[in-house]
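Source file: my_file_28.pdb. Holds: PDB, C-alpha atoms.
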```pdb
ATOM      1  CA  MET A   1      12.909 -41.373  16.541
ATOM      2  CA  SER A   2      13.043 -39.496  19.802
ATOM      3  CA  GLY A   3      15.511 -36.708  20.359
ATOM      4  CA  PRO A   4      16.334 -34.003  22.874
ATOM      5  CA  GLY A   5      13.262 -32.266  24.259
ATOM      6  CA  TRP A   6      12.508 -28.592  23.706
ATOM      7  CA  GLU A   7      13.582 -27.728  27.250
ATOM      8  CA  LEU A   8      17.171 -28.699  26.412
ATOM      9  CA  TRP A   9      17.174 -26.791  23.128
ATOM     10  CA  ARG A  10      15.671 -23.750  24.855
ATOM     11  CA  THR A  11      18.548 -23.693  27.328
ATOM     12  CA  PHE A  12      21.065 -24.148  24.510
ATOM     13  CA  ASP A  13      19.523 -21.217  22.621
ATOM     14  CA  ALA A  14      19.678 -19.055  25.758
ATOM     15  CA  VAL A  15      23.348 -19.911  26.368
ATOM     16  CA  MET A  16      24.186 -19.023  22.763
ATOM     17  CA  ARG A  17      22.380 -15.693  23.105
ATOM     18  CA  GLU A  18      23.534 -14.784  26.609
ATOM     19  CA  GLY A  19      27.086 -16.147  26.453
ATOM     20  CA  SER A  20      27.152 -17.890  29.834
ATOM     21  CA  LEU A  21      25.276 -20.416  31.931
ATOM     22  CA  SER A  22      24.516 -17.900  34.648
ATOM     23  CA  SER A  23      23.048 -15.326  32.269
ATOM     24  CA  ALA A  24      21.061 -17.984  30.415
ATOM     25  CA  ALA A  25      19.691 -19.334  33.699
ATOM     26  CA  ARG A  26      18.558 -15.853  34.765
ATOM     27  CA  ALA A  27      16.899 -15.259  31.388
ATOM     28  CA  LEU A  28      14.975 -18.520  31.655
ATOM     29  CA  GLY A  29      14.193 -18.366  35.357
ATOM     30  CA  LEU A  30      16.318 -21.438  36.084
ATOM     31  CA  THR A  31      19.114 -22.137  38.522
ATOM     32  CA  GLN A  32      22.611 -22.284  37.075
ATOM     33  CA  PRO A  33      23.049 -25.989  37.982
ATOM     34  CA  THR A  34      19.815 -26.803  36.135
ATOM     35  CA  ALA A  35      21.002 -24.951  33.039
ATOM     36  CA  GLY A  36      24.315 -26.803  33.281
ATOM     37  CA  ARG A  37      22.532 -30.157  33.474
ATOM     38  CA  HIS A  38      20.489 -29.279  30.399
ATOM     39  CA  ILE A  39      23.624 -28.552  28.372
ATOM     40  CA  ALA A  40      25.368 -31.701  29.623
ATOM     41  CA  GLU A  41      22.321 -33.818  28.751
ATOM     42  CA  LEU A  42      22.067 -32.247  25.302
ATOM     43  CA  GLU A  43      25.761 -32.905  24.631
ATOM     44  CA  ALA A  44      25.378 -36.513  25.760
ATOM     45  CA  THR A  45      22.367 -37.024  23.499
ATOM     46  CA  LEU A  46      23.840 -35.575  20.313
ATOM     47  CA  SER A  47      26.439 -37.224  18.101
ATOM     48  CA  THR A  48      28.072 -33.925  17.161
ATOM     49  CA  GLY A  49      30.491 -33.900  20.082
ATOM     50  CA  GLY A  50      30.771 -31.142  22.663
ATOM     51  CA  LEU A  51      28.847 -27.917  22.230
ATOM     52  CA  PHE A  52      30.923 -25.659  24.436
ATOM     53  CA  THR A  53      34.467 -25.457  25.735
ATOM     54  CA  ARG A  54      35.051 -24.159  29.245
ATOM     55  CA  SER A  55      37.581 -21.369  29.681
ATOM     56  CA  ALA A  56      38.378 -18.527  32.034
ATOM     57  CA  ARG A  57      36.107 -16.361  29.871
ATOM     58  CA  GLY A  58      33.163 -18.726  30.272
ATOM     59  CA  LEU A  59      31.556 -21.010  27.699
ATOM     60  CA  GLN A  60      32.876 -20.823  24.156
ATOM     61  CA  PRO A  61      30.663 -22.385  21.449
ATOM     62  CA  THR A  62      32.201 -25.051  19.239
ATOM     63  CA  GLU A  63      31.673 -25.287  15.483
ATOM     64  CA  ALA A  64      28.922 -27.822  16.166
ATOM     65  CA  ALA A  65      27.128 -25.334  18.419
ATOM     66  CA  ARG A  66      27.385 -22.582  15.814
ATOM     67  CA  ALA A  67      25.918 -24.900  13.193
ATOM     68  CA  LEU A  68      22.987 -25.806  15.445
ATOM     69  CA  ALA A  69      22.308 -22.256  16.695
ATOM     70  CA  PRO A  70      20.157 -20.994  13.753
ATOM     71  CA  HIS A  71      17.886 -24.023  14.044
ATOM     72  CA  ALA A  72      17.515 -23.543  17.794
ATOM     73  CA  GLU A  73      16.684 -19.879  17.166
ATOM     74  CA  ALA A  74      14.007 -20.932  14.691
ATOM     75  CA  MET A  75      12.566 -23.367  17.255
ATOM     76  CA  ALA A  76      12.507 -20.592  19.871
ATOM     77  CA  ALA A  77      10.760 -18.201  17.488
ATOM     78  CA  ALA A  78       8.176 -20.840  16.568
ATOM     79  CA  ALA A  79       7.555 -21.672  20.228
ATOM     80  CA  ALA A  80       7.074 -17.987  21.067
ATOM     81  CA  ALA A  81       4.694 -17.580  18.112
ATOM     82  CA  LEU A  82       2.725 -20.615  19.297
ATOM     83  CA  VAL A  83       2.323 -19.034  22.739
ATOM     84  CA  ARG A  84       1.204 -15.737  21.180
ATOM     85  CA  ILE A  85      -1.385 -17.387  18.932
ATOM     86  CA  ALA A  86      -2.710 -19.409  21.875
ATOM     87  CA  SER A  87      -2.946 -16.317  24.096
ATOM     88  CA  ALA A  88      -6.576 -15.685  23.063
ATOM     89  CA  PRO A  89      -9.244 -17.003  20.667
ATOM     90  CA  THR A  90      -8.593 -15.995  17.074
ATOM     91  CA  ASP A  91     -11.950 -14.205  16.683
ATOM     92  CA  VAL A  92     -11.594 -11.657  19.516
ATOM     93  CA  ALA A  93      -9.678  -8.387  19.884
ATOM     94  CA  ALA A  94      -7.484  -9.721  22.661
ATOM     95  CA  GLY A  95      -4.200 -11.537  23.093
ATOM     96  CA  VAL A  96      -0.564 -10.967  22.238
ATOM     97  CA  VAL A  97       0.719  -9.336  19.049
ATOM     98  CA  ARG A  98       4.447  -8.875  18.383
ATOM     99  CA  ILE A  99       5.465  -5.935  16.183
ATOM    100  CA  SER A 100       8.880  -5.364  14.637
ATOM    101  CA  ALA A 101      10.037  -1.856  13.698
ATOM    102  CA  SER A 102      13.201   0.171  13.344
ATOM    103  CA  GLU A 103      14.566   2.041  16.351
ATOM    104  CA  VAL A 104      13.415   5.406  15.010
ATOM    105  CA  ILE A 105       9.912   4.268  14.066
ATOM    106  CA  GLY A 106       9.521   2.365  17.330
ATOM    107  CA  ALA A 107      10.677   5.221  19.562
ATOM    108  CA  GLU A 108       9.541   8.305  17.634
ATOM    109  CA  VAL A 109       6.445   7.274  15.677
ATOM    110  CA  LEU A 110       4.719   4.224  17.148
ATOM    111  CA  PRO A 111       4.052   5.294  20.777
ATOM    112  CA  PRO A 112       0.933   7.419  20.009
ATOM    113  CA  ILE A 113      -0.275   4.871  17.445
ATOM    114  CA  LEU A 114       0.013   2.042  19.945
ATOM    115  CA  THR A 115      -1.527   4.165  22.691
ATOM    116  CA  ALA A 116      -4.646   4.805  20.596
ATOM    117  CA  LEU A 117      -4.747   1.137  19.588
ATOM    118  CA  HIS A 118      -4.570  -0.116  23.167
ATOM    119  CA  THR A 119      -7.110   2.451  24.350
ATOM    120  CA  ALA A 120      -9.558   1.150  21.742
ATOM    121  CA  HIS A 121      -8.700  -2.508  22.423
ATOM    122  CA  PRO A 122      -7.449  -2.892  26.013
ATOM    123  CA  GLY A 123      -7.471  -6.678  25.702
ATOM    124  CA  LEU A 124      -4.442  -6.525  23.414
ATOM    125  CA  THR A 125      -0.942  -7.129  24.736
ATOM    126  CA  LEU A 126       1.613  -5.549  22.412
ATOM    127  CA  GLU A 127       5.224  -6.677  22.143
ATOM    128  CA  LEU A 128       7.538  -4.203  20.395
ATOM    129  CA  LEU A 129      10.785  -5.475  18.884
ATOM    130  CA  LEU A 130      13.073  -2.618  17.872
ATOM    131  CA  THR A 131      15.672  -3.639  15.323
ATOM    132  CA  ASN A 132      17.122  -2.068  12.198
ATOM    133  CA  ALA A 133      17.432  -5.537  10.671
ATOM    134  CA  SER A 134      14.471  -7.142   8.918
ATOM    135  CA  SER A 135      12.766  -9.543  11.305
ATOM    136  CA  ASP A 136      11.985 -12.881   9.699
ATOM    137  CA  LEU A 137       8.188 -13.029   9.592
ATOM    138  CA  LEU A 138       8.254 -16.460   7.975
ATOM    139  CA  ARG A 139      10.195 -17.762  10.962
ATOM    140  CA  ARG A 140       7.764 -15.843  13.232
ATOM    141  CA  ASP A 141      10.339 -13.581  14.860
ATOM    142  CA  ALA A 142       7.396 -11.152  14.910
ATOM    143  CA  ASP A 143       3.766 -11.196  13.808
ATOM    144  CA  LEU A 144       3.798  -7.869  11.977
ATOM    145  CA  ALA A 145       6.598  -5.622  10.753
ATOM    146  CA  ILE A 146       7.045  -2.053   9.592
ATOM    147  CA  ARG A 147       9.672  -2.159   6.871
ATOM    148  CA  MET A 148      11.510   0.439   4.826
ATOM    149  CA  THR A 149      11.948  -1.921   1.891
ATOM    150  CA  GLN A 150       9.336  -3.857  -0.064
ATOM    151  CA  PRO A 151       8.927  -7.383   1.326
ATOM    152  CA  LYS A 152       9.823 -10.020  -1.246
ATOM    153  CA  GLN A 153       8.578 -13.279   0.307
ATOM    154  CA  GLN A 154       5.392 -14.477  -1.389
ATOM    155  CA  ALA A 155       3.939 -15.827   1.876
ATOM    156  CA  LEU A 156       3.699 -12.315   3.312
ATOM    157  CA  LEU A 157       0.738  -9.971   3.147
ATOM    158  CA  ALA A 158       2.209  -6.495   2.612
ATOM    159  CA  LYS A 159       0.762  -3.042   2.052
ATOM    160  CA  SER A 160       2.567   0.106   0.954
ATOM    161  CA  VAL A 161       1.606   3.219   2.917
ATOM    162  CA  GLY A 162       3.713   5.803   1.105
ATOM    163  CA  ARG A 163       7.196   7.258   1.415
ATOM    164  CA  ILE A 164       8.938   9.278   4.120
ATOM    165  CA  ARG A 165      10.977  12.195   2.833
ATOM    166  CA  LEU A 166      14.425  12.636   4.342
ATOM    167  CA  GLY A 167      16.159  15.978   4.580
ATOM    168  CA  LEU A 168      19.110  17.767   6.120
ATOM    169  CA  TYR A 169      18.322  19.638   9.333
ATOM    170  CA  ALA A 170      20.094  21.724  11.957
ATOM    171  CA  ARG A 171      19.101  23.730  15.019
ATOM    172  CA  ARG A 172      18.590  27.465  14.582
ATOM    173  CA  ASP A 173      21.201  28.304  17.204
ATOM    174  CA  TYR A 174      23.762  26.058  15.474
ATOM    175  CA  LEU A 175      23.260  27.906  12.187
ATOM    176  CA  ALA A 176      23.362  31.256  13.995
ATOM    177  CA  ARG A 177      26.806  30.545  15.442
ATOM    178  CA  SER A 178      28.238  28.542  12.536
ATOM    179  CA  GLY A 179      27.064  30.569   9.569
ATOM    180  CA  PRO A 180      24.501  30.097   6.794
ATOM    181  CA  ILE A 181      24.555  27.271   4.265
ATOM    182  CA  THR A 182      23.631  28.219   0.705
ATOM    183  CA  ARG A 183      25.428  25.515  -1.310
ATOM    184  CA  THR A 184      26.719  22.000  -0.702
ATOM    185  CA  ALA A 185      30.337  23.193  -0.677
ATOM    186  CA  ASP A 186      29.560  25.128   2.528
ATOM    187  CA  LEU A 187      29.103  21.825   4.385
ATOM    188  CA  ALA A 188      32.864  21.305   4.386
ATOM    189  CA  HIS A 189      33.023  24.016   7.048
ATOM    190  CA  HIS A 190      30.231  22.619   9.203
ATOM    191  CA  ALA A 191      29.774  19.780  11.693
ATOM    192  CA  VAL A 192      28.009  17.023   9.755
ATOM    193  CA  ILE A 193      26.527  14.027  11.569
ATOM    194  CA  GLY A 194      26.789  10.761   9.690
ATOM    195  CA  PHE A 195      27.042   7.001   9.897
ATOM    196  CA  ASP A 196      29.918   4.933  11.202
ATOM    197  CA  ARG A 197      29.959   1.338   9.919
ATOM    198  CA  ASP A 198      26.425   0.946   8.569
ATOM    199  CA  ALA A 199      27.271   0.141   4.947
ATOM    200  CA  ALA A 200      23.644   0.168   3.752
ATOM    201  CA  SER A 201      22.991   3.653   5.155
ATOM    202  CA  LEU A 202      26.274   4.944   3.764
ATOM    203  CA  ARG A 203      25.397   3.621   0.300
ATOM    204  CA  THR A 204      21.960   5.264   0.476
ATOM    205  CA  ILE A 205      23.421   8.629   1.440
ATOM    206  CA  ASN A 206      26.222   8.398  -1.124
ATOM    207  CA  ALA A 207      23.693   7.708  -3.873
ATOM    208  CA  VAL A 208      21.979  11.078  -3.359
ATOM    209  CA  TRP A 209      24.956  12.951  -1.934
ATOM    210  CA  PRO A 210      28.116  11.847  -3.799
ATOM    211  CA  ASP A 211      30.277  14.715  -2.510
ATOM    212  CA  LEU A 212      29.888  13.612   1.084
ATOM    213  CA  PRO A 213      31.877  15.803   3.512
ATOM    214  CA  ALA A 214      33.835  14.369   6.407
ATOM    215  CA  PHE A 215      31.657  13.535   9.395
ATOM    216  CA  ALA A 216      32.258  15.391  12.651
ATOM    217  CA  LEU A 217      30.176  12.771  14.484
ATOM    218  CA  ARG A 218      29.750   9.161  13.380
ATOM    219  CA  THR A 219      27.059   6.911  14.812
ATOM    220  CA  ASP A 220      25.054   3.981  13.477
ATOM    221  CA  ASN A 221      22.445   4.494  16.190
ATOM    222  CA  GLN A 222      19.733   6.529  14.515
ATOM    223  CA  LEU A 223      18.238   7.718  17.794
ATOM    224  CA  ALA A 224      21.636   9.132  18.751
ATOM    225  CA  HIS A 225      21.773  10.804  15.343
ATOM    226  CA  ILE A 226      18.419  12.511  15.950
ATOM    227  CA  ALA A 227      19.424  13.505  19.488
ATOM    228  CA  ALA A 228      22.647  15.098  18.239
ATOM    229  CA  VAL A 229      20.766  17.242  15.721
ATOM    230  CA  ARG A 230      18.251  18.259  18.377
ATOM    231  CA  ALA A 231      21.098  19.183  20.735
ATOM    232  CA  GLY A 232      22.629  21.529  18.160
ATOM    233  CA  PHE A 233      25.730  19.466  17.409
ATOM    234  CA  GLY A 234      25.448  20.087  13.683
ATOM    235  CA  ILE A 235      23.698  19.002  10.492
ATOM    236  CA  GLY A 236      22.129  15.576  10.050
ATOM    237  CA  VAL A 237      19.608  13.598   8.030
ATOM    238  CA  LEU A 238      16.152  13.364   9.630
ATOM    239  CA  GLN A 239      12.728  12.204   8.587
ATOM    240  CA  ASP A 240      10.695  15.285   7.649
ATOM    241  CA  PRO A 241       7.675  14.365   9.831
ATOM    242  CA  ILE A 242       9.927  13.943  12.888
ATOM    243  CA  ALA A 243      11.924  17.133  12.254
ATOM    244  CA  ARG A 244       8.784  19.228  11.764
ATOM    245  CA  ARG A 245       7.715  18.535  15.354
ATOM    246  CA  ASP A 246      10.542  20.730  16.664
ATOM    247  CA  PRO A 247      10.247  24.413  15.684
ATOM    248  CA  GLU A 248      13.945  24.887  16.471
ATOM    249  CA  LEU A 249      14.981  22.561  13.639
ATOM    250  CA  VAL A 250      15.523  24.182  10.247
ATOM    251  CA  PRO A 251      15.803  22.447   6.845
ATOM    252  CA  VAL A 252      19.151  22.870   5.104
ATOM    253  CA  LEU A 253      19.801  22.675   1.326
ATOM    254  CA  ARG A 254      16.229  21.589   0.753
ATOM    255  CA  GLU A 255      16.509  21.277  -3.006
ATOM    256  CA  ALA A 256      20.039  19.886  -3.160
ATOM    257  CA  PHE A 257      19.426  16.867  -0.940
ATOM    258  CA  THR A 258      16.380  14.634  -1.402
ATOM    259  CA  ALA A 259      15.869  11.011  -0.374
ATOM    260  CA  HIS A 260      12.849   8.889   0.475
ATOM    261  CA  LEU A 261      12.128   5.785   2.549
ATOM    262  CA  PRO A 262       9.286   3.559   1.352
ATOM    263  CA  VAL A 263       7.067   2.288   4.168
ATOM    264  CA  TRP A 264       5.454  -1.141   4.131
ATOM    265  CA  ILE A 265       3.360  -2.977   6.705
ATOM    266  CA  ALA A 266       3.759  -6.755   6.478
ATOM    267  CA  MET A 267       2.583  -9.923   8.172
ATOM    268  CA  HIS A 268       2.411 -13.626   7.394
ATOM    269  CA  GLU A 269      -0.651 -14.413   5.268
ATOM    270  CA  ASP A 270      -1.605 -17.228   7.657
ATOM    271  CA  LEU A 271      -2.412 -14.602  10.303
ATOM    272  CA  LYS A 272      -4.958 -12.753   8.169
ATOM    273  CA  SER A 273      -7.874 -14.676   9.683
ATOM    274  CA  THR A 274      -6.824 -13.834  13.253
ATOM    275  CA  HIS A 275      -8.978 -10.882  14.318
ATOM    276  CA  ARG A 276      -6.424  -9.162  16.552
ATOM    277  CA  MET A 277      -3.764  -9.326  13.824
ATOM    278  CA  ARG A 278      -6.086  -7.605  11.362
ATOM    279  CA  ILE A 279      -6.900  -4.912  13.908
ATOM    280  CA  VAL A 280      -3.233  -4.181  14.574
ATOM    281  CA  PHE A 281      -2.346  -4.375  10.871
ATOM    282  CA  ASP A 282      -5.030  -1.814  10.002
ATOM    283  CA  ALA A 283      -3.978   0.449  12.874
ATOM    284  CA  LEU A 284      -0.365   0.403  11.678
ATOM    285  CA  VAL A 285      -1.413   1.138   8.108
ATOM    286  CA  ALA A 286      -3.542   4.097   9.195
ATOM    287  CA  GLY A 287      -0.989   5.411  11.680
ATOM    288  CA  MET A 288       2.019   5.158   9.374
ATOM    289  CA  ALA A 289       0.042   6.661   6.475
ATOM    290  CA  ALA A 290      -0.732   9.644   8.709
ATOM    291  CA  HIS A 291       2.972   9.890   9.576
ATOM    292  CA  VAL A 292       4.003  10.079   5.920
ATOM    293  CA  GLY A 293       1.048  12.278   4.963
ATOM    294  CA  ALA A 294      -0.646   9.726   2.713
ATOM    295  CA  VAL A 295      -4.236   8.524   2.436
ATOM    296  CA  PRO A 296      -4.275   4.921   3.678
ATOM    297  CA  ASP A 297      -5.629   2.170   1.485
ATOM    298  CA  MET A 298      -7.563   0.021   3.967
ATOM    299  CA  GLU A 299      -8.591  -2.625   1.432
ATOM    300  CA  TRP A 300      -7.072  -6.051   2.045
ATOM    301  CA  SER A 301      -5.275  -7.680  -0.851
TER     302      SER A 301
END
```
Representation of the structure as structure tokens:
Amino acid sequence: MSGPGWELWRTFDAVMREGSLSSAARALGLTQPTAGRHIAELEATLSTGGLFTRSARGLQPTEAARALAPHAEAMAAAAAALVRIASAPTDVAAGVVRISASEVIGAEVLPPILTALHTAHPGLTLELLLTNASSDLLRRDADLAIRMTQPKQQALLAKSVGRIRLGLYARRDYLARSGPITRTADLAHHAVIGFDRDAASLRTINAVWPDLPAFALRTDNQLAHIAAVRAGFGIGVLQDPIARRDPELVPVLREAFTAHLPVWIAMHEDLKSTHRMRIVFDALVAGMAAHVGAVPDMEWS
């Protein structure tokens, strides 16, 4: 049985992601009329009815479109992975590798690791996906991932590289003008930086800090959280290795508040035989182990 070609599904996926024909066309390097023809042809081919309704606000996806969207996303991820794998022979240190990491790890920790990696292997092209959600390595959203939870899928090759200690920190000048903190009850009189709607982060903090004071600043963006502490807004939770880089940041209630983030490097086991994937995997293991202050285990399991 023949069905709609990938070109039509690719345009559909772009419209779902971008929210309009014009934005999807720009993302794909198409003209808007071409993108419109793709959607019209796809709708005519399928037996699910229309995919979008036209309104003053642009294209609105129908229930049929929402049902198809995850499958189109999976097709797009597989197509992108195919292009990456085909970007160079599998036995050379060249080609494209896509890495997924959290915003903090990607912005604060990975740049020097990736710099050293690319200096040693200039034939590599590195794609960095920053997301606080777990990228689906089985669906090939990325080739490798740095995760703060242990991967559960059996088809993944994963290595633990230690734990990152989290602590409360504030700038020296903030503490100088706001007063010392000697017990957790003192936090009620200080500007505490916390999370907004991130339920997982709130649960983690509540588990180790049940008497959580009211937040003076709420943000689910962890880079904004770090920036606010560095600016002297108040007290926030930072990774110890990141906080120690700034001599103006001081630990607060060191013994009263303790939490840790486990660090895992993961990739699909099918990529183990691809030379560039092994090189990047090993570089991430070594670099993240150095970040957490652990001795890396470089043996492959």
(request) For the structure provided, state which residues fall under the PyMOL selection byres ((chain A and resi 73-82) around 12), and present them as a PyMOL selection string. (result) chain A and resi 5-17+65-72+83-88+95-99+127+135-144+268+271
(request) Please indicate the distance in Å from atom CA of Ile164 of chain A to atom CA of Gly293 of chain A, rounded to one decimal place. (result) 8.5 Å
(request) Extract, using all atoms listed in the file, all DNA, RNA and protein residues at most 10 Å from segment 46-50 of chain A, discarding same-chain residues fewer than 3 positions from it, and format them as a PyMOL selection string. (result) chain A and resi 3-4+39-43+53+61-65+68
(message) My list of candidates is A:Thr274, A:Ala35, A:His291, A:Ala93. Which is closest to Leu124 of chain A when distances are computed with all atoms listed in the file?
(response)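 Closest candidate: A:Ala93.
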(message) Just checking: using all atoms listed in the file, which residue out of A:Ser55, A:Ala170, A:Val292, A:Leu261 ends up closest to Pro247 of chain A?
(response) A:Ala170
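A distance cut-off of 9 Å around (3.4, -11.1, 5.9), counting all atoms listed in the file, selects these protein and nucleic acid residues: Leu137, Leu138, Asp143, Leu144, Ala145, Pro151, Gln153, Gln154, Ala155, Leu156, Leu157, Ala158, Ile265, Ala266, Met267, His268, Glu269, Asp270, Leu271 and Lys272 of chain A.
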Which residues of segment 111-210 of chain A come within 12 Å of segment 235-245 of chain A, and for each one, what is the closest pair of atoms and their distance in Å to one decimal, counting only C-alpha atoms, sorted by chain and residue number, as JSON lines?
```
{"residue": "A:Arg163", "atom": "CA", "partner": "A:Gln239", "partner_atom": "CA", "distance": 10.3}
{"residue": "A:Ile164", "atom": "CA", "partner": "A:Gln239", "partner_atom": "CA", "distance": 6.5}
{"residue": "A:Arg165", "atom": "CA", "partner": "A:Asp240", "partner_atom": "CA", "distance": 5.7}
{"residue": "A:Leu166", "atom": "CA", "partner": "A:Gln239", "partner_atom": "CA", "distance": 4.6}
{"residue": "A:Gly167", "atom": "CA", "partner": "A:Val237", "partner_atom": "CA", "distance": 5.4}
{"residue": "A:Leu168", "atom": "CA", "partner": "A:Val237", "partner_atom": "CA", "distance": 4.6}
{"residue": "A:Tyr169", "atom": "CA", "partner": "A:Ile235", "partner_atom": "CA", "distance": 5.5}
{"residue": "A:Ala170", "atom": "CA", "partner": "A:Ile235", "partner_atom": "CA", "distance": 4.7}
{"residue": "A:Arg171", "atom": "CA", "partner": "A:Ile235", "partner_atom": "CA", "distance": 8.0}
{"residue": "A:Arg172", "atom": "CA", "partner": "A:Ile235", "partner_atom": "CA", "distance": 10.7}
{"residue": "A:Asp173", "atom": "CA", "partner": "A:Ile235", "partner_atom": "CA", "distance": 11.7}
{"residue": "A:Tyr174", "atom": "CA", "partner": "A:Ile235", "partner_atom": "CA", "distance": 8.6}
{"residue": "A:Leu175", "atom": "CA", "partner": "A:Ile235", "partner_atom": "CA", "distance": 9.1}
{"residue": "A:Ser178", "atom": "CA", "partner": "A:Ile235", "partner_atom": "CA", "distance": 10.8}
{"residue": "A:Pro180", "atom": "CA", "partner": "A:Ile235", "partner_atom": "CA", "distance": 11.7}
{"residue": "A:Ile181", "atom": "CA", "partner": "A:Ile235", "partner_atom": "CA", "distance": 10.4}
{"residue": "A:Thr184", "atom": "CA", "partner": "A:Ile235", "partner_atom": "CA", "distance": 12.0}
{"residue": "A:Asp186", "atom": "CA", "partner": "A:Ile235", "partner_atom": "CA", "distance": 11.6}
{"residue": "A:Leu187", "atom": "CA", "partner": "A:Ile235", "partner_atom": "CA", "distance": 8.6}
{"residue": "A:Ala188", "atom": "CA", "partner": "A:Ile235", "partner_atom": "CA", "distance": 11.3}
{"residue": "A:His189", "atom": "CA", "partner": "A:Ile235", "partner_atom": "CA", "distance": 11.1}
{"residue": "A:His190", "atom": "CA", "partner": "A:Ile235", "partner_atom": "CA", "distance": 7.6}
{"residue": "A:Ala191", "atom": "CA", "partner": "A:Ile235", "partner_atom": "CA", "distance": 6.2}
{"residue": "A:Val192", "atom": "CA", "partner": "A:Ile235", "partner_atom": "CA", "distance": 4.8}
{"residue": "A:Ile193", "atom": "CA", "partner": "A:Gly236", "partner_atom": "CA", "distance": 4.9}
{"residue": "A:Gly194", "atom": "CA", "partner": "A:Gly236", "partner_atom": "CA", "distance": 6.7}
{"residue": "A:Phe195", "atom": "CA", "partner": "A:Gly236", "partner_atom": "CA", "distance": 9.9}
{"residue": "A:Ser201", "atom": "CA", "partner": "A:Val237", "partner_atom": "CA", "distance": 10.9}
{"residue": "A:Leu202", "atom": "CA", "partner": "A:Val237", "partner_atom": "CA", "distance": 11.7}
{"residue": "A:Thr204", "atom": "CA", "partner": "A:Val237", "partner_atom": "CA", "distance": 11.5}
{"residue": "A:Ile205", "atom": "CA", "partner": "A:Val237", "partner_atom": "CA", "distance": 9.1}
{"residue": "A:Val208", "atom": "CA", "partner": "A:Val237", "partner_atom": "CA", "distance": 11.9}
{"residue": "A:Trp209", "atom": "CA", "partner": "A:Val237", "partner_atom": "CA", "distance": 11.3}
```
Go ahead and write the residues just picked, C-alpha atoms, as a short mmCIF file (atom, residue, chain, number, x, y, z; two decimals), keeping the file's coordinate frame.
```cif
data_model
loop_
_atom_site.label_atom_id
_atom_site.label_comp_id
_atom_site.auth_asym_id
_atom_site.auth_seq_id
_atom_site.Cartn_x
_atom_site.Cartn_y
_atom_site.Cartn_z
CA ARG A 163 7.20 7.26 1.42
CA ILE A 164 8.94 9.28 4.12
CA ARG A 165 10.98 12.20 2.83
CA LEU A 166 14.42 12.64 4.34
CA GLY A 167 16.16 15.98 4.58
CA LEU A 168 19.11 17.77 6.12
CA TYR A 169 18.32 19.64 9.33
CA ALA A 170 20.09 21.72 11.96
CA ARG A 171 19.10 23.73 15.02
CA ARG A 172 18.59 27.46 14.58
CA ASP A 173 21.20 28.30 17.20
CA TYR A 174 23.76 26.06 15.47
CA LEU A 175 23.26 27.91 12.19
CA SER A 178 28.24 28.54 12.54
CA PRO A 180 24.50 30.10 6.79
CA ILE A 181 24.56 27.27 4.26
CA THR A 184 26.72 22.00 -0.70
CA ASP A 186 29.56 25.13 2.53
CA LEU A 187 29.10 21.82 4.38
CA ALA A 188 32.86 21.30 4.39
CA HIS A 189 33.02 24.02 7.05
CA HIS A 190 30.23 22.62 9.20
CA ALA A 191 29.77 19.78 11.69
CA VAL A 192 28.01 17.02 9.76
CA ILE A 193 26.53 14.03 11.57
CA GLY A 194 26.79 10.76 9.69
CA PHE A 195 27.04 7.00 9.90
CA SER A 201 22.99 3.65 5.16
CA LEU A 202 26.27 4.94 3.76
CA THR A 204 21.96 5.26 0.48
CA ILE A 205 23.42 8.63 1.44
CA VAL A 208 21.98 11.08 -3.36
CA TRP A 209 24.96 12.95 -1.93
#
```
(message) Just to confirm, what's the straight-line distance from atom CA of Ala289 of chain A to atom CA of Pro112 of chain A in Å (one decimal)?
(response) 13.6 Å
(request) Take atom CA of Glu18 of chain A and atom CA of Ser100 of chain A and report the distance between them in Å, one decimal. (result) 21.1 Å
(message) Since I can't run it myself right now, could you work out what the PyMOL selection byres ((chain A and resi 160) around 10) selects here and report it as a list in words?
(response)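 That selection, the PyMOL selection byres ((chain A and resi 160) around 10), comes back as Ile146, Arg147, Met148, Thr149, Gln150, Pro151, Ala158, Lys159, Val161, Gly162, Arg163, Pro262, Val263, Trp264, Ile265, Ala266, Val285, Met288, Ala289, Pro296 and Asp297 of chain A.
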(request) Would you list the residues near (20.0, -17.5, 36.3) (no more than 12 Å away, in the coordinates of the file, using all atoms listed in the file) as a list in words? (result)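 Collected hits near the coordinates: Thr11, Ala14, Val15, Glu18, Ser20, Leu21, Ser22, Ser23, Ala24, Ala25, Arg26, Ala27, Leu28, Gly29, Leu30, Thr31, Gln32, Pro33, Thr34, Ala35 and Gly36 of chain A.
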(message) Once the PyMOL selection byres ((chain A and resi 221) around 12) is applied to the coordinates I shared, what remains selected? I want it as a list in words.
(response)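 Selection result, ordered by chain and number: Ser102, Glu103, Val104, Leu130, Thr131, Asn132, Ile193, Gly194, Phe195, Asp196, Arg197, Asp198, Ser201, Leu217, Arg218, Thr219, Asp220, Gln222, Leu223, Ala224, His225, Ile226, Ala227 and Ala228 of chain A.
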(request) Point out the residue among A:Leu110, A:Lys152, A:Val229, A:Thr119 with the least atom-to-atom distance to Ser134 of chain A, counting all atoms listed in the file. (result) A:Lys152
